[in-house]
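Here is the structure we will look at.
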Amino acid sequence: MDRRRFLRLLVAGGATAVLAACADMGSLDASTGSQPSVAVTDPAPSGPWFKDPAPFIVHGDKGLEARLENMQGMLTPNRLFFVRNNSISLDLDADDWRLTVEGDAVSESLKLTYSEIRSLPSRTLTSYLECAGNHRAMFDVMNGQEASGTQWMTGAVSNGEWVGAQLRDVLTLAGIRPDAVSVLLVGLDVESPEEGFRYVLPAEKAMEPDTLLAYALNGETLPRDHGFPVRALVPGWVGSANIKWLGRIVVSSEPLWTRNNTTSYTLIGDEYPPQGESLGQPVTEQVIKSALALPWPAELSAGSHRIHGYAHSPAGTISRVEWSTDSGQTWNGSALSGAQSDHSWVRFEFEWDAPPGEHAIMTRATDAAGNTQPDHVPFNEKGYLFNQPVAHPVRVV
């Protein structure tokens with residue numbers, strides 16, 4: 001039996017399935033569904049990226065902020081999908097790529113090829129991906145407190161359809177033990193901090209069915225700017241957890257601490273007491289948020305306009321999005337359009353009869369679990385997880 005089939009059967013049914021297949025080689029040929037070809041069609045790199053940076057707000061050599069006004073449907077086209085790197089985008093060969101799984105909380109170390117990852121049962125889901133620092137500039141714009149880091153406005157977020165293997169299947173192949181506590185994901189971007197950008201997941205999060213080793217985005221092989229050949233996808237968690245160019249997984253029976261859960265991706269401030277070896281509160285799950293698909297600032301002609309934007313929550317479905325033009329004294333309802341499946345964002349729309357003058361439109365989302373954007377977010381030094389309603393400036397002429 002070839003290794004591809006062995007891997008598939010072992011994940012699907014354990015040793016019993018493998019033995020049964022030896023007796024009847026044709027009885028368990030489970031399909032993994034339609035998948036994109038392996039061919040990568042990215043253009044030649046343009047500076048630190050492969051994609052054309054022209055449609056984006058460029059933040060140095062590490063960030064391409066999406067312009068939400070360029071988006072109309074539910075999925076963000078790959079050419080408009082935002083980018084956050086800690087070094088230049090890597091140009092890796094899938095044939096040479098290997099994923100190592102090791103640690104004291106697995107029964108055996110593994111080294112898997114790209115074709116072996118793709119041979120595992122695939123899962124397809126729609127999920128937004130968002131930098132922890134999205135809206136960071138709003139700490140200053142809204143509250144007069146400037147946080148350190150890239151001054152993202154509202155476009156460090158995009159929404160896509162992902163295909164990949166479940167991380168738990170790979171951990172099962174390695175024989176993850178019941179005493180596993182931490183799962184460390186390490187990228188191959190050795191010019192990033194710690195010679196490979198990394199993030200620690202709790203073992204229970206790593207074993208959730210929607211935590212993926214993704215190799216496709218929006219019907220195409222995963223673009224190089226987004227982690228080709230394989231990246232982690234951790235729906236609802238901050239972008240730093242979704243390690244690109246994944247090369248190594250360490251499974252530990254003890255809590256693991258790295259730069260990204262001690263000093264970097266950590267809420268540091270008066271409202272955030274230290275936890276464990278962290279200077280504050282490690283950043284994990286995202287927060288409910290909404291934003292208008294308008295330029296900043298926007299300019300419109302007087303009269304009726306159909307305004308739209310996007311809202312999302314790690315808790316799941318958005319139940320309503322409200323809007324206000326009087327600093328939140330009066331809130332109006334909007335219409336939600338498109339099917340909000342899996343971990344997708346939702347598009348909202350409303351009609352505005354815009355009078356001449358200077359205006360500010362605020363939006364506020366509420367999810368099905370009852371979470372609503374707060375009136376105020378306590379300051380943290382690195383500007384993570386800002387989600388109070390933003391006053392979006394609009395000039396009407």
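Chain labels run A, B, ... following the order of the structure tokens; each chain numbers its residues from 1, and ligands are numbered from 1 in the order shown.
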Backbone-only DSSP, strand (DSSP E) members of region 39-80 of chain A, as a ChimeraX atom specification
/A:57-59,63-65
Export of the given selection (all heavy atoms) as a PDB file, in the first residue's frame:
ATOM      1  N   ILE A  57      -2.853  50.109   0.277  1.00  0.00           N
ATOM      2  CA  ILE A  57      -2.123  51.100   1.061  1.00  0.00           C
ATOM      3  C   ILE A  57      -0.857  50.394   1.537  1.00  0.00           C
ATOM      4  O   ILE A  57      -0.919  49.383   2.243  1.00  0.00           O
ATOM      5  CB  ILE A  57      -2.951  51.574   2.269  1.00  0.00           C
ATOM      6  CG1 ILE A  57      -4.261  52.202   1.797  1.00  0.00           C
ATOM      7  CG2 ILE A  57      -2.156  52.570   3.115  1.00  0.00           C
ATOM      8  CD1 ILE A  57      -5.257  52.453   2.918  1.00  0.00           C
ATOM      9  N   VAL A  58       0.304  50.889   1.124  1.00  0.00           N
ATOM     10  CA  VAL A  58       1.568  50.207   1.402  1.00  0.00           C
ATOM     11  C   VAL A  58       2.154  50.706   2.719  1.00  0.00           C
ATOM     12  O   VAL A  58       2.313  51.913   2.919  1.00  0.00           O
ATOM     13  CB  VAL A  58       2.573  50.416   0.255  1.00  0.00           C
ATOM     14  CG1 VAL A  58       3.903  49.722   0.567  1.00  0.00           C
ATOM     15  CG2 VAL A  58       1.996  49.889  -1.064  1.00  0.00           C
ATOM     16  N   HIS A  59       2.468  49.763   3.604  1.00  0.00           N
ATOM     17  CA  HIS A  59       3.093  50.089   4.889  1.00  0.00           C
ATOM     18  C   HIS A  59       4.520  49.531   4.888  1.00  0.00           C
ATOM     19  O   HIS A  59       4.743  48.372   5.252  1.00  0.00           O
ATOM     20  CB  HIS A  59       2.295  49.496   6.047  1.00  0.00           C
ATOM     21  CG  HIS A  59       0.932  50.076   6.227  1.00  0.00           C
ATOM     22  ND1 HIS A  59       0.708  51.297   6.829  1.00  0.00           N
ATOM     23  CD2 HIS A  59      -0.294  49.613   5.870  1.00  0.00           C
ATOM     24  CE1 HIS A  59      -0.588  51.556   6.857  1.00  0.00           C
ATOM     25  NE2 HIS A  59      -1.226  50.550   6.274  1.00  0.00           N
ATOM     26  N   GLY A  63       3.726  45.378   4.947  1.00  0.00           N
ATOM     27  CA  GLY A  63       2.270  45.330   4.941  1.00  0.00           C
ATOM     28  C   GLY A  63       1.629  45.927   3.706  1.00  0.00           C
ATOM     29  O   GLY A  63       2.038  47.001   3.235  1.00  0.00           O
ATOM     30  N   LEU A  64       0.635  45.243   3.168  1.00  0.00           N
ATOM     31  CA  LEU A  64      -0.231  45.754   2.105  1.00  0.00           C
ATOM     32  C   LEU A  64      -1.654  45.776   2.647  1.00  0.00           C
ATOM     33  O   LEU A  64      -2.274  44.723   2.848  1.00  0.00           O
ATOM     34  CB  LEU A  64      -0.152  44.865   0.861  1.00  0.00           C
ATOM     35  CG  LEU A  64       1.206  44.744   0.170  1.00  0.00           C
ATOM     36  CD1 LEU A  64       1.135  43.763  -1.000  1.00  0.00           C
ATOM     37  CD2 LEU A  64       1.687  46.108  -0.323  1.00  0.00           C
ATOM     38  N   GLU A  65      -2.146  46.978   2.931  1.00  0.00           N
ATOM     39  CA  GLU A  65      -3.480  47.116   3.505  1.00  0.00           C
ATOM     40  C   GLU A  65      -4.528  47.164   2.407  1.00  0.00           C
ATOM     41  O   GLU A  65      -4.441  47.969   1.469  1.00  0.00           O
ATOM     42  CB  GLU A  65      -3.561  48.383   4.355  1.00  0.00           C
ATOM     43  CG  GLU A  65      -4.932  48.594   4.980  1.00  0.00           C
ATOM     44  CD  GLU A  65      -4.981  49.767   5.945  1.00  0.00           C
ATOM     45  OE1 GLU A  65      -3.909  50.303   6.313  1.00  0.00           O
ATOM     46  OE2 GLU A  65      -6.101  50.154   6.338  1.00  0.00           O
TER      47      GLU A  65
END
I'd like a table as a Markdown table: residues in region 82-182 of chain A with an atom no more than 12 Å from region 369-383 of chain A, each row giving the shortest atom pair and its distance in Å to one decimal, only C-alpha atoms counted, sorted by chain and rising residue number.
| residue | atom | partner | partner_atom | distance |
| --- | --- | --- | --- | --- |
| A:Cys131 | CA | A:Gly383 | CA | 11.2 |
| A:Ala132 | CA | A:Gly383 | CA | 8.4 |
| A:Gly133 | CA | A:Gly383 | CA | 6.1 |
| A:Asn134 | CA | A:Gly383 | CA | 8.6 |
| A:His135 | CA | A:Gly383 | CA | 8.2 |
| A:Arg136 | CA | A:Gly383 | CA | 5.0 |
| A:Ala137 | CA | A:Gly383 | CA | 7.8 |
| A:Met138 | CA | A:Gly383 | CA | 8.7 |
| A:Phe139 | CA | A:Gly383 | CA | 6.9 |
| A:Asp140 | CA | A:Gly383 | CA | 9.5 |
| A:Met142 | CA | A:His376 | CA | 9.5 |
| A:Asn143 | CA | A:His376 | CA | 8.7 |
| A:Gly144 | CA | A:Phe379 | CA | 10.2 |
| A:Gln145 | CA | A:Phe379 | CA | 7.4 |
| A:Glu146 | CA | A:Gly383 | CA | 7.9 |
| A:Ala147 | CA | A:Gly383 | CA | 4.9 |
| A:Ser148 | CA | A:Lys382 | CA | 5.0 |
| A:Gly149 | CA | A:Lys382 | CA | 6.3 |
| A:Thr150 | CA | A:Gly383 | CA | 9.3 |
| A:Gln151 | CA | A:Gly383 | CA | 8.9 |
| A:Trp152 | CA | A:Gly383 | CA | 9.8 |
| A:Met153 | CA | A:Gly383 | CA | 11.5 |
Pick from A:Ala232, A:Met207, A:Ile361, A:Met71, whichever lies nearest to Gly247 (chain A) using only C-alpha atoms:
A:Ala232
Which polymer residues have any atom within 10 Å of an atom of Val101 (chain A), counting only C-alpha atoms, with same-chain residues fewer than 3 positions away left out, as a tab-separated table (two decimals) with N, CA, C and O atoms, in the first residue's frame?
chain	number	residue	atom	x	y	z
A	98	ARG	N	9.24	20.37	3.33
A	98	ARG	CA	8.88	19.32	4.27
A	98	ARG	C	8.29	19.96	5.52
A	98	ARG	O	8.69	21.05	5.94
A	106	VAL	N	4.26	13.82	21.37
A	106	VAL	CA	3.85	12.96	20.27
A	106	VAL	C	4.61	11.65	20.38
A	106	VAL	O	5.73	11.60	20.93
A	108	GLU	N	5.82	9.77	17.90
A	108	GLU	CA	6.93	9.70	16.97
A	108	GLU	C	7.02	10.97	16.16
A	108	GLU	O	6.02	11.65	15.91
A	109	SER	N	8.24	11.31	15.75
A	109	SER	CA	8.45	12.46	14.89
A	109	SER	C	8.07	12.10	13.46
A	109	SER	O	8.25	10.95	13.03
A	110	LEU	N	7.54	13.09	12.74
A	110	LEU	CA	7.15	12.90	11.35
A	110	LEU	C	7.82	13.95	10.49
A	110	LEU	O	8.12	15.06	10.94
A	111	LYS	N	8.03	13.60	9.21
A	111	LYS	CA	8.45	14.58	8.22
A	111	LYS	C	7.60	14.30	6.99
A	111	LYS	O	7.76	13.27	6.33
A	112	LEU	N	6.66	15.21	6.70
A	112	LEU	CA	5.69	15.01	5.64
A	112	LEU	C	6.00	15.87	4.43
A	112	LEU	O	6.43	17.02	4.57
A	170	VAL	N	-2.87	15.53	11.11
A	170	VAL	CA	-1.41	15.41	11.13
A	170	VAL	C	-0.93	15.10	12.55
A	170	VAL	O	-0.05	14.25	12.75
A	171	LEU	N	-1.52	15.75	13.55
A	171	LEU	CA	-1.13	15.47	14.93
A	171	LEU	C	-1.52	14.05	15.32
A	171	LEU	O	-0.80	13.39	16.09
A	173	LEU	N	-1.56	11.52	13.24
A	173	LEU	CA	-0.56	10.66	12.60
A	173	LEU	C	0.71	10.58	13.45
A	173	LEU	O	1.36	9.53	13.51
A	174	ALA	N	1.06	11.67	14.09
A	174	ALA	CA	2.26	11.68	14.93
A	174	ALA	C	2.01	11.06	16.30
A	174	ALA	O	2.95	10.90	17.08
A	183	VAL	N	1.00	23.58	21.16
A	183	VAL	CA	1.40	23.23	19.79
A	183	VAL	C	2.04	24.46	19.17
A	183	VAL	O	1.36	25.45	18.92
A	184	LEU	N	3.35	24.41	18.98
A	184	LEU	CA	4.10	25.53	18.45
A	184	LEU	C	4.21	25.41	16.94
A	184	LEU	O	4.68	24.39	16.42
A	185	LEU	N	3.77	26.45	16.23
A	185	LEU	CA	3.86	26.51	14.77
A	185	LEU	C	5.02	27.43	14.40
A	185	LEU	O	5.09	28.56	14.90
A	247	GLY	N	6.80	25.23	8.47
A	247	GLY	CA	7.82	24.22	8.28
A	247	GLY	C	8.02	23.28	9.45
A	247	GLY	O	8.59	22.20	9.28
A	248	ARG	N	7.53	23.67	10.62
A	248	ARG	CA	7.82	22.86	11.81
A	248	ARG	C	6.69	23.01	12.82
A	248	ARG	O	6.16	24.11	13.01
A	249	ILE	N	6.35	21.90	13.47
A	249	ILE	CA	5.35	21.88	14.53
A	249	ILE	C	5.97	21.15	15.72
A	249	ILE	O	6.49	20.04	15.57
A	250	VAL	N	5.92	21.79	16.88
A	250	VAL	CA	6.44	21.18	18.10
A	250	VAL	C	5.28	21.01	19.08
A	250	VAL	O	4.61	21.99	19.43
A	251	VAL	N	5.04	19.79	19.52
A	251	VAL	CA	3.95	19.47	20.43
A	251	VAL	C	4.56	19.19	21.81
A	251	VAL	O	5.39	18.29	21.96
Would you please give, as a count of residues only, all residues of region 82-210 of chain A that DSSP assigns to helix (DSSP H, G or I) based on the backbone?
26
Just the residues within 12 Å of Ala54 (chain A), please, counting only C-alpha atoms, with nothing from its chain fewer than 4 positions along; format it as a PyMOL selection string.
chain A and resi 46-47+49-50+58+64-67+79-80+82
If you count only C-alpha atoms, which residues fall within 9 Å of Arg177 (chain A), apart from same-chain ones fewer than 5 positions away, as a list in words?
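Counting only the stated atoms, we get Asp104, Ala105, Val106, Ser107, Thr172 and Ser253 of chain A.
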Write out as an MDAnalysis selection string each polymer residue whose atoms come within 8 Å of region 289-303 of chain A, counting only C-alpha atoms; drop sequence neighbours fewer than 6 positions from it.
chainID A and resid 67:71 154 309:313 321 352:356 363:365 373 387:390 392:397
Could you take the residues named above and write them with N, CA, C and O atoms, as a tab-separated table (two decimals), in the first residue's frame?
chain	number	residue	atom	x	y	z
A	67	ARG	N	-7.94	47.93	0.45
A	67	ARG	CA	-8.92	49.03	0.37
A	67	ARG	C	-10.30	48.40	0.28
A	67	ARG	O	-10.67	47.84	-0.76
A	68	LEU	N	-11.06	48.47	1.35
A	68	LEU	CA	-12.36	47.81	1.39
A	68	LEU	C	-13.29	48.34	0.30
A	68	LEU	O	-14.19	47.61	-0.15
A	69	GLU	N	-13.07	49.58	-0.12
A	69	GLU	CA	-13.93	50.13	-1.17
A	69	GLU	C	-13.77	49.41	-2.50
A	69	GLU	O	-14.62	49.54	-3.40
A	70	ASN	N	-12.69	48.63	-2.67
A	70	ASN	CA	-12.49	47.86	-3.90
A	70	ASN	C	-13.22	46.52	-3.87
A	70	ASN	O	-13.19	45.78	-4.85
A	71	MET	N	-13.84	46.20	-2.76
A	71	MET	CA	-14.48	44.89	-2.60
A	71	MET	C	-15.99	45.04	-2.72
A	71	MET	O	-16.58	45.93	-2.15
A	154	THR	N	-8.46	50.38	8.42
A	154	THR	CA	-9.51	49.35	8.53
A	154	THR	C	-9.32	48.17	7.59
A	154	THR	O	-10.16	47.28	7.55
A	309	GLY	N	-20.55	47.80	3.71
A	309	GLY	CA	-19.35	47.51	4.50
A	309	GLY	C	-19.36	46.06	4.92
A	309	GLY	O	-20.18	45.26	4.44
A	310	TYR	N	-18.44	45.71	5.83
A	310	TYR	CA	-18.28	44.32	6.24
A	310	TYR	C	-18.17	44.23	7.76
A	310	TYR	O	-17.60	45.11	8.40
A	311	ALA	N	-18.73	43.15	8.32
A	311	ALA	CA	-18.67	42.92	9.76
A	311	ALA	C	-18.36	41.45	10.00
A	311	ALA	O	-18.72	40.57	9.21
A	312	HIS	N	-17.68	41.17	11.11
A	312	HIS	CA	-17.31	39.79	11.42
A	312	HIS	C	-17.11	39.64	12.92
A	312	HIS	O	-16.90	40.61	13.65
A	313	SER	N	-17.20	38.39	13.37
A	313	SER	CA	-17.02	38.08	14.78
A	313	SER	C	-16.44	36.68	14.93
A	313	SER	O	-16.85	35.76	14.21
A	321	VAL	N	-26.20	44.89	12.06
A	321	VAL	CA	-25.23	45.99	11.99
A	321	VAL	C	-26.04	47.28	11.93
A	321	VAL	O	-26.94	47.43	11.09
A	352	TRP	N	-28.44	56.01	2.41
A	352	TRP	CA	-28.19	57.27	3.11
A	352	TRP	C	-28.49	58.44	2.18
A	352	TRP	O	-27.91	58.53	1.09
A	353	ASP	N	-29.40	59.29	2.60
A	353	ASP	CA	-29.70	60.52	1.85
A	353	ASP	C	-28.72	61.57	2.36
A	353	ASP	O	-28.97	62.24	3.36
A	354	ALA	N	-27.62	61.72	1.67
A	354	ALA	CA	-26.49	62.50	2.16
A	354	ALA	C	-26.67	63.99	1.91
A	354	ALA	O	-26.72	64.43	0.76
A	355	PRO	N	-26.75	64.81	2.97
A	355	PRO	CA	-26.83	66.27	2.79
A	355	PRO	C	-25.43	66.86	2.65
A	355	PRO	O	-24.45	66.26	3.13
A	356	PRO	N	-25.28	68.00	2.00
A	356	PRO	CA	-23.96	68.62	1.88
A	356	PRO	C	-23.34	68.91	3.24
A	356	PRO	O	-24.05	69.17	4.23
A	363	THR	N	-20.48	52.67	12.54
A	363	THR	CA	-21.19	51.40	12.44
A	363	THR	C	-20.92	50.57	13.69
A	363	THR	O	-19.86	50.68	14.32
A	364	ARG	N	-21.88	49.73	14.02
A	364	ARG	CA	-21.80	48.91	15.23
A	364	ARG	C	-22.43	47.55	14.95
A	364	ARG	O	-23.59	47.47	14.58
A	365	ALA	N	-21.65	46.48	15.13
A	365	ALA	CA	-22.13	45.13	14.85
A	365	ALA	C	-22.46	44.39	16.14
A	365	ALA	O	-21.85	44.62	17.19
A	373	GLN	N	-20.03	45.63	19.58
A	373	GLN	CA	-18.85	46.50	19.66
A	373	GLN	C	-19.00	47.47	20.84
A	373	GLN	O	-20.05	48.10	20.99
A	387	ASN	N	-11.80	47.79	18.62
A	387	ASN	CA	-13.07	47.49	17.94
A	387	ASN	C	-14.22	48.37	18.37
A	387	ASN	O	-15.39	48.01	18.19
A	388	GLN	N	-13.96	49.55	18.95
A	388	GLN	CA	-15.08	50.45	19.21
A	388	GLN	C	-15.54	51.06	17.89
A	388	GLN	O	-14.79	51.07	16.90
A	389	PRO	N	-16.79	51.49	17.78
A	389	PRO	CA	-17.28	52.06	16.52
A	389	PRO	C	-16.39	53.21	16.05
A	389	PRO	O	-16.01	54.08	16.84
A	390	VAL	N	-16.06	53.18	14.77
A	390	VAL	CA	-15.16	54.17	14.17
A	390	VAL	C	-15.98	55.24	13.50
A	390	VAL	O	-16.96	54.97	12.79
A	392	HIS	N	-16.19	57.33	10.62
A	392	HIS	CA	-15.63	57.39	9.28
A	392	HIS	C	-15.96	58.73	8.64
A	392	HIS	O	-17.13	59.06	8.42
A	393	PRO	N	-14.95	59.57	8.34
A	393	PRO	CA	-15.24	60.91	7.79
A	393	PRO	C	-15.72	60.87	6.35
A	393	PRO	O	-15.15	60.18	5.51
A	394	VAL	N	-16.79	61.63	6.06
A	394	VAL	CA	-17.37	61.71	4.72
A	394	VAL	C	-17.68	63.17	4.42
A	394	VAL	O	-18.42	63.81	5.18
A	395	ARG	N	-17.13	63.67	3.34
A	395	ARG	CA	-17.47	65.01	2.86
A	395	ARG	C	-18.49	64.88	1.74
A	395	ARG	O	-18.28	64.14	0.78
A	396	VAL	N	-19.59	65.59	1.87
A	396	VAL	CA	-20.65	65.54	0.86
A	396	VAL	C	-20.69	66.90	0.16
A	396	VAL	O	-20.82	67.94	0.81
A	397	VAL	N	-20.55	66.88	-1.18
A	397	VAL	CA	-20.47	68.12	-1.96
A	397	VAL	C	-21.58	68.16	-3.00
A	397	VAL	O	-22.19	67.15	-3.33
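The closest residue to Lys62 (chain A), picked from A:Ser158, A:Ser192, A:Ser182, A:Thr221 and counting only C-alpha atoms, is A:Ser192.
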